[in-house]
>>> print(open('structure.tsv').read())   # TSV, C-alpha atoms
chain	number	residue	atom	x	y	z
A	1	MET	CA	41.10	20.82	-35.70
A	2	THR	CA	42.00	21.57	-32.07
A	3	THR	CA	40.64	19.24	-29.40
A	4	THR	CA	40.74	19.65	-25.64
A	5	VAL	CA	39.33	17.82	-22.63
A	6	ARG	CA	38.61	19.74	-19.44
A	7	ALA	CA	36.79	19.39	-16.16
A	8	ALA	CA	33.23	20.65	-16.52
A	9	ALA	CA	32.18	23.63	-14.39
A	10	VAL	CA	28.86	24.38	-12.71
A	11	ALA	CA	28.16	26.93	-15.44
A	12	ASP	CA	28.22	24.09	-18.01
A	13	GLY	CA	24.87	22.63	-16.94
A	14	VAL	CA	22.96	23.90	-19.98
A	15	LEU	CA	25.73	22.88	-22.36
A	16	LEU	CA	25.86	19.35	-20.89
A	17	HIS	CA	22.08	18.98	-21.12
A	18	ASP	CA	22.19	19.99	-24.78
A	19	LEU	CA	24.93	17.41	-25.41
A	20	ALA	CA	22.90	14.75	-23.62
A	21	ALA	CA	19.82	15.55	-25.68
A	22	ALA	CA	21.85	15.20	-28.88
A	23	THR	CA	23.67	11.98	-27.93
A	24	PHE	CA	21.53	9.85	-25.60
A	25	GLY	CA	19.60	8.33	-28.48
A	26	LEU	CA	22.85	7.03	-29.97
A	27	ALA	CA	23.13	4.55	-27.10
A	28	CYS	CA	19.52	3.35	-27.14
A	29	PRO	CA	18.73	-0.10	-28.58
A	30	PRO	CA	16.99	-0.29	-31.97
A	31	GLY	CA	13.26	0.28	-31.72
A	32	THR	CA	13.39	2.50	-28.63
A	33	PRO	CA	10.42	4.88	-28.88
A	34	PRO	CA	11.73	8.45	-29.30
A	35	GLU	CA	9.38	9.65	-26.56
A	36	ASP	CA	11.06	7.27	-24.08
A	37	ALA	CA	14.49	8.69	-24.89
A	38	ARG	CA	13.19	12.25	-24.59
A	39	ALA	CA	11.53	11.46	-21.25
A	40	PHE	CA	14.80	10.02	-19.87
A	41	VAL	CA	16.77	13.08	-20.96
A	42	SER	CA	14.13	15.36	-19.43
A	43	SER	CA	14.14	13.58	-16.06
A	44	GLU	CA	17.72	12.31	-15.63
A	45	LEU	CA	19.78	14.60	-17.87
A	46	SER	CA	18.09	17.95	-17.33
A	47	VAL	CA	19.97	21.18	-16.66
A	48	GLN	CA	19.05	20.91	-12.98
A	49	ARG	CA	20.28	17.31	-12.80
A	50	PHE	CA	23.60	18.23	-14.35
A	51	GLU	CA	24.01	21.15	-11.96
A	52	ALA	CA	23.45	18.71	-9.07
A	53	TYR	CA	25.89	16.21	-10.58
A	54	LEU	CA	28.52	18.94	-10.93
A	55	ALA	CA	28.10	19.89	-7.26
A	56	ASP	CA	28.45	16.26	-6.11
A	57	ALA	CA	31.94	15.52	-4.73
A	58	ASN	CA	31.50	11.85	-5.64
A	59	ARG	CA	31.16	12.63	-9.34
A	60	ALA	CA	33.54	13.96	-11.98
A	61	ILE	CA	32.36	15.26	-15.36
A	62	LEU	CA	34.76	15.88	-18.24
A	63	LEU	CA	33.92	17.91	-21.32
A	64	ALA	CA	35.50	17.33	-24.74
A	65	GLU	CA	35.65	20.28	-27.12
A	66	VAL	CA	36.55	20.63	-30.81
A	67	ASP	CA	37.71	24.09	-31.85
A	68	GLY	CA	36.08	25.48	-28.72
A	69	SER	CA	32.69	23.80	-29.24
A	70	ALA	CA	31.39	21.04	-26.97
A	71	ALA	CA	31.44	17.65	-28.69
A	72	GLY	CA	31.31	15.03	-25.94
A	73	TYR	CA	31.31	14.36	-22.21
A	74	SER	CA	31.92	11.65	-19.63
A	75	MET	CA	30.84	11.20	-16.03
A	76	LEU	CA	32.46	9.13	-13.29
A	77	ILE	CA	30.66	8.11	-10.09
A	78	PHE	CA	32.94	7.13	-7.21
A	79	GLY	CA	31.77	4.62	-4.62
A	80	GLU	CA	30.49	1.12	-4.11
A	81	PRO	CA	28.27	-0.27	-6.91
A	82	THR	CA	24.63	-0.19	-5.82
A	83	ASP	CA	23.44	-2.75	-8.40
A	84	ALA	CA	23.70	-6.28	-6.97
A	85	ASP	CA	24.52	-7.77	-10.39
A	86	VAL	CA	27.40	-5.31	-10.81
A	87	ALA	CA	28.72	-5.77	-7.26
A	88	ALA	CA	28.86	-9.53	-7.84
A	89	VAL	CA	31.12	-9.31	-10.90
A	90	VAL	CA	33.17	-6.15	-10.29
A	91	THR	CA	35.41	-7.33	-7.46
A	92	ALA	CA	38.31	-4.81	-7.46
A	93	ARG	CA	38.06	-2.03	-4.87
A	94	PRO	CA	38.00	0.93	-4.84
A	95	THR	CA	36.16	1.10	-8.13
A	96	VAL	CA	34.40	3.86	-10.06
A	97	GLU	CA	31.50	3.73	-12.49
A	98	LEU	CA	31.90	5.26	-15.92
A	99	SER	CA	28.26	6.30	-15.89
A	100	LYS	CA	28.18	8.47	-19.02
A	101	PHE	CA	30.35	8.52	-22.13
A	102	TYR	CA	28.97	10.25	-25.21
A	103	VAL	CA	30.39	11.95	-28.29
A	104	LEU	CA	28.41	13.74	-31.01
A	105	ALA	CA	27.80	11.58	-34.09
A	106	GLU	CA	29.79	13.95	-36.33
A	107	SER	CA	32.86	13.40	-34.12
A	108	HIS	CA	32.73	9.61	-34.34
A	109	GLY	CA	35.84	8.23	-35.99
A	110	THR	CA	37.89	11.39	-35.43
A	111	GLY	CA	39.83	10.16	-32.40
A	112	LEU	CA	37.96	12.42	-30.00
A	113	SER	CA	36.46	9.46	-28.15
A	114	SER	CA	39.92	8.06	-27.46
A	115	GLU	CA	41.11	11.43	-26.14
A	116	LEU	CA	38.09	11.70	-23.86
A	117	MET	CA	38.57	8.14	-22.63
A	118	ALA	CA	42.27	8.72	-21.84
A	119	ALA	CA	41.45	11.81	-19.78
A	120	THR	CA	38.57	10.01	-18.04
A	121	VAL	CA	40.79	7.08	-17.06
A	122	GLU	CA	43.42	9.53	-15.80
A	123	ALA	CA	40.77	11.20	-13.60
A	124	ALA	CA	39.72	7.81	-12.19
A	125	ARG	CA	43.31	6.89	-11.39
A	126	PHE	CA	43.93	10.25	-9.74
A	127	ARG	CA	41.11	9.56	-7.27
A	128	GLY	CA	42.73	6.23	-6.35
A	129	ALA	CA	40.41	3.81	-8.17
A	130	VAL	CA	41.94	0.47	-9.12
A	131	SER	CA	39.22	-0.30	-11.65
A	132	THR	CA	36.43	1.38	-13.56
A	133	TRP	CA	33.28	-0.29	-14.83
A	134	LEU	CA	30.37	0.55	-17.10
A	135	GLY	CA	27.09	-0.79	-18.40
A	136	VAL	CA	26.46	-0.77	-22.14
A	137	ASN	CA	23.44	-2.01	-24.07
A	138	GLN	CA	24.07	-5.45	-25.53
A	139	GLN	CA	22.78	-4.33	-28.94
A	140	ASN	CA	25.07	-1.31	-29.16
A	141	GLY	CA	27.76	-2.85	-31.33
A	142	ARG	CA	29.69	0.35	-31.94
A	143	ALA	CA	30.02	1.17	-28.24
A	144	ASN	CA	30.93	-2.40	-27.33
A	145	ARG	CA	33.69	-2.47	-29.94
A	146	PHE	CA	35.05	0.85	-28.68
A	147	TYR	CA	35.03	-0.20	-25.04
A	148	GLU	CA	36.68	-3.51	-25.86
A	149	LYS	CA	39.36	-1.67	-27.84
A	150	SER	CA	39.81	0.63	-24.84
A	151	GLY	CA	40.56	-2.34	-22.58
A	152	PHE	CA	37.17	-2.91	-20.92
A	153	SER	CA	36.64	-6.66	-20.47
A	154	LEU	CA	33.19	-8.25	-20.44
A	155	VAL	CA	32.59	-9.45	-16.86
A	156	GLY	CA	28.81	-9.82	-16.54
A	157	THR	CA	25.33	-8.49	-17.31
A	158	LYS	CA	22.75	-6.21	-15.72
A	159	GLN	CA	19.51	-4.48	-16.62
A	160	PHE	CA	18.68	-0.85	-17.27
A	161	ALA	CA	15.20	0.68	-16.95
A	162	LEU	CA	14.09	2.79	-19.90
A	163	GLY	CA	10.52	3.83	-20.57
A	164	GLY	CA	8.99	1.14	-18.37
A	165	ARG	CA	11.08	-1.62	-19.98
A	166	LEU	CA	14.17	-3.41	-18.73
A	167	GLU	CA	16.98	-3.37	-21.29
A	168	ASP	CA	19.85	-5.86	-21.19
A	169	ASP	CA	23.32	-4.41	-20.62
A	170	PHE	CA	26.79	-5.88	-20.61
A	171	VAL	CA	28.97	-4.99	-17.62
A	172	ARG	CA	32.54	-4.18	-18.65
A	173	GLU	CA	35.51	-3.51	-16.37
A	174	LEU	CA	38.94	-1.93	-16.88
A	175	SER	CA	41.78	-2.53	-14.42
A	176	LEU	CA	43.75	0.62	-13.68
A	177	GLU	CA	47.47	0.87	-13.07
A	178	PRO	CA	48.48	3.10	-10.13
A	179	SER	CA	48.99	6.71	-11.15
A	180	PRO	CA	52.47	8.27	-10.96
A	181	ASP	CA	51.25	10.34	-7.99
A	182	MET	CA	50.36	7.19	-6.06
A	183	LEU	CA	53.63	5.47	-6.93
A	184	SER	CA	55.71	8.43	-5.80
A	185	ALA	CA	53.84	8.51	-2.46
A	186	ILE	CA	53.57	12.29	-2.75
A	187	VAL	CA	50.27	13.76	-1.70
A	188	PRO	CA	49.12	15.87	-4.66
A	189	THR	CA	47.81	19.35	-4.02
A	190	VAL	CA	46.86	20.18	-7.58
A	191	LYS	CA	44.76	18.04	-9.89
A	192	PRO	CA	46.42	16.80	-13.10
A	193	ASN	CA	46.00	19.04	-16.11
A	194	ILE	CA	43.62	17.15	-18.37
A	195	ASN	CA	44.22	19.79	-21.04
A	196	SER	CA	47.87	18.75	-21.22
A	197	PRO	CA	49.37	17.45	-24.48
A	198	THR	CA	49.56	13.99	-22.88
A	199	ALA	CA	45.83	13.95	-22.22
A	200	GLN	CA	45.10	15.34	-25.66
A	201	ARG	CA	47.19	12.68	-27.44
A	202	CYS	CA	45.76	10.09	-25.59
A	203	GLN	CA	33.91	5.75	-30.40
A	204	PRO	CA	31.04	5.70	-27.82
A	205	GLU	CA	27.62	5.16	-26.71
>>> encode(input="structure.tsv", output="structure tokens")
Amino acid sequence: MTTTVRAAAVADGVLLHDLAAATFGLACPPGTPPEDARAFVSSELSVQRFEAYLADANRAILLAEVDGSAAGYSMLIFGEPTDADVAAVVTARPTVELSKFYVLAESHGTGLSSELMAATVEAARFRGAVSTWLGVNQQNGRANRFYEKSGFSLVGTKQFALGGRLEDDFVRELSLEPSPDMLSAIVPTVKPNINSPTAQRCQPE
């Protein structure tokens, strides 16, 4: 099995939408009506939405592949938290939201999630963030265990709107060490290679 993590391209909009459709339900709390999950994917994770996300300079999307086939993705959003509950508990600045982190169910337990997380954290560091935060449903035990294992500490709570209901999320934060580029005080001209063996050595909602 060969795994890689790469920056997603604009041409990956359809592929990312298909991944979202296959994985979003894995993060939903028990009892979520399937039609609510489908409606969210249709409105917020459509092909057009992903194409807009990919064109947004304040976002970074990484794609994990197994033997050349897409198996997971993550999305970072750079900037000040807009949720008041998050802004009150995430105090390190600059920070970045880990907005999306999903891996296909058949890849759970294979180590792919850890590889994707390592590359995602590297991308956050490269942009100068000193912390990254995320919201995860309080009933999603698998994701909470993975994020805790990955170093994300529980710092607060917030709510997430899904299908006309407000779901309860934990807010988790990871402090980031300065990247080697920042420590060397050399202005980088080329982004780090997230397909490198380091990134590849380095489960999910």
>>> closest_residue(input="structure.tsv", among="A:Val41, A:Ala22, A:Val90, A:Val14", to="Ala71 (chain A)", atoms="all atoms listed in the file")
A:Ala22
>>> atom_distance(input="structure.tsv", atom1="CA of Ser114 (chain A)", atom2="CA of Phe101 (chain A)")
11.0 Å
>>> closest_residue(input="structure.tsv", among="A:Val103, A:Leu54, A:Ala60, A:Leu45", to="Leu116 (chain A)", atoms="only C-alpha atoms")
A:Val103
>>> residues_around(input="structure.tsv", residues="Ser107 (chain A)", least_positions_apart="2", cutoff="12 Å", atoms="all atoms listed in the file", output="compact mmCIF listing (two decimals) with C-alpha atoms, keeping the file's coordinate frame")
# COMPACT_ATOMS: atom_id res chain seq x y z
CA MET A 1 41.10 20.82 -35.70
CA THR A 3 40.64 19.24 -29.40
CA THR A 23 23.67 11.98 -27.93
CA ALA A 64 35.50 17.33 -24.74
CA GLU A 65 35.65 20.28 -27.12
CA VAL A 66 36.55 20.63 -30.81
CA ASP A 67 37.71 24.09 -31.85
CA SER A 69 32.69 23.80 -29.24
CA ALA A 70 31.39 21.04 -26.97
CA ALA A 71 31.44 17.65 -28.69
CA GLY A 72 31.31 15.03 -25.94
CA TYR A 102 28.97 10.25 -25.21
CA VAL A 103 30.39 11.95 -28.29
CA LEU A 104 28.41 13.74 -31.01
CA ALA A 105 27.80 11.58 -34.09
CA GLY A 109 35.84 8.23 -35.99
CA THR A 110 37.89 11.39 -35.43
CA GLY A 111 39.83 10.16 -32.40
CA LEU A 112 37.96 12.42 -30.00
CA SER A 113 36.46 9.46 -28.15
CA SER A 114 39.92 8.06 -27.46
CA GLU A 115 41.11 11.43 -26.14
CA LEU A 116 38.09 11.70 -23.86
CA GLN A 203 33.91 5.75 -30.40
CA PRO A 204 31.04 5.70 -27.82
>>> closest_residue(input="structure.tsv", among="A:His17, A:Leu26, A:Glu122, A:Asp56", to="Glu106 (chain A)", atoms="only C-alpha atoms")
A:Leu26
>>> atom_distance(input="structure.tsv", atom1="CA of Ala87 (chain A)", atom2="CA of Phe24 (chain A)")
25.1 Å
>>> residues_near_point(input="structure.tsv", point="(29.0, 26.0, -18.9)", cutoff="12 Å", atoms="all atoms listed in the file", output="PyMOL selection string")
chain A and resi 6-19+47+50-51+54+61-63+69-70
>>> closest_residue(input="structure.tsv", among="A:Ser74, A:Val130, A:Ala123, A:Gly31", to="Pro94 (chain A)", atoms="all atoms listed in the file")
A:Val130
>>> closest_residue(input="structure.tsv", among="A:Gly164, A:Asn140, A:Ala21, A:Phe170", to="Phe152 (chain A)", atoms="only C-alpha atoms")
A:Phe170
>>> residues_around(input="structure.tsv", residues="Ser131 (chain A)", least_positions_apart="5", cutoff="9 Å", atoms="only C-alpha atoms", output="ChimeraX atom specification")
/A:90,92-97,124-125,173-177
>>> closest_residue(input="structure.tsv", among="A:Glu35, A:Phe78, A:Gly25, A:Phe146", to="Gly128 (chain A)", atoms="only C-alpha atoms")
A:Phe78
>>> axis_aligned_box(input="structure.tsv", around="region 165-179 of chain A", padding_each_side="3 Å", output="AutoDock Vina command-line options")
--center_x 30.0 --center_y 0.4 --center_z -15.7 --size_x 43.9 --size_y 18.6 --size_z 17.2
>>> decode(input="structure.tsv", residues="region 93-105 of chain A", atoms="C-alpha atoms", output="short mmCIF file (atom, residue, chain, number, x, y, z; two decimals), in the first residue's frame")
data_model
loop_
_atom_site.label_atom_id
_atom_site.label_comp_id
_atom_site.auth_asym_id
_atom_site.auth_seq_id
_atom_site.Cartn_x
_atom_site.Cartn_y
_atom_site.Cartn_z
CA ARG A 93 -2.44 34.06 17.77
CA PRO A 94 -2.08 33.66 14.86
CA THR A 95 -4.26 30.58 14.85
CA VAL A 96 -5.84 28.44 12.12
CA GLU A 97 -9.01 26.36 12.13
CA LEU A 98 -8.81 22.72 11.15
CA SER A 99 -12.25 22.95 9.56
CA LYS A 100 -12.40 19.56 7.84
CA PHE A 101 -10.64 16.28 8.55
CA TYR A 102 -12.12 13.13 7.05
CA VAL A 103 -10.87 9.69 6.02
CA LEU A 104 -12.89 6.95 4.33
CA ALA A 105 -14.17 4.31 6.75
#
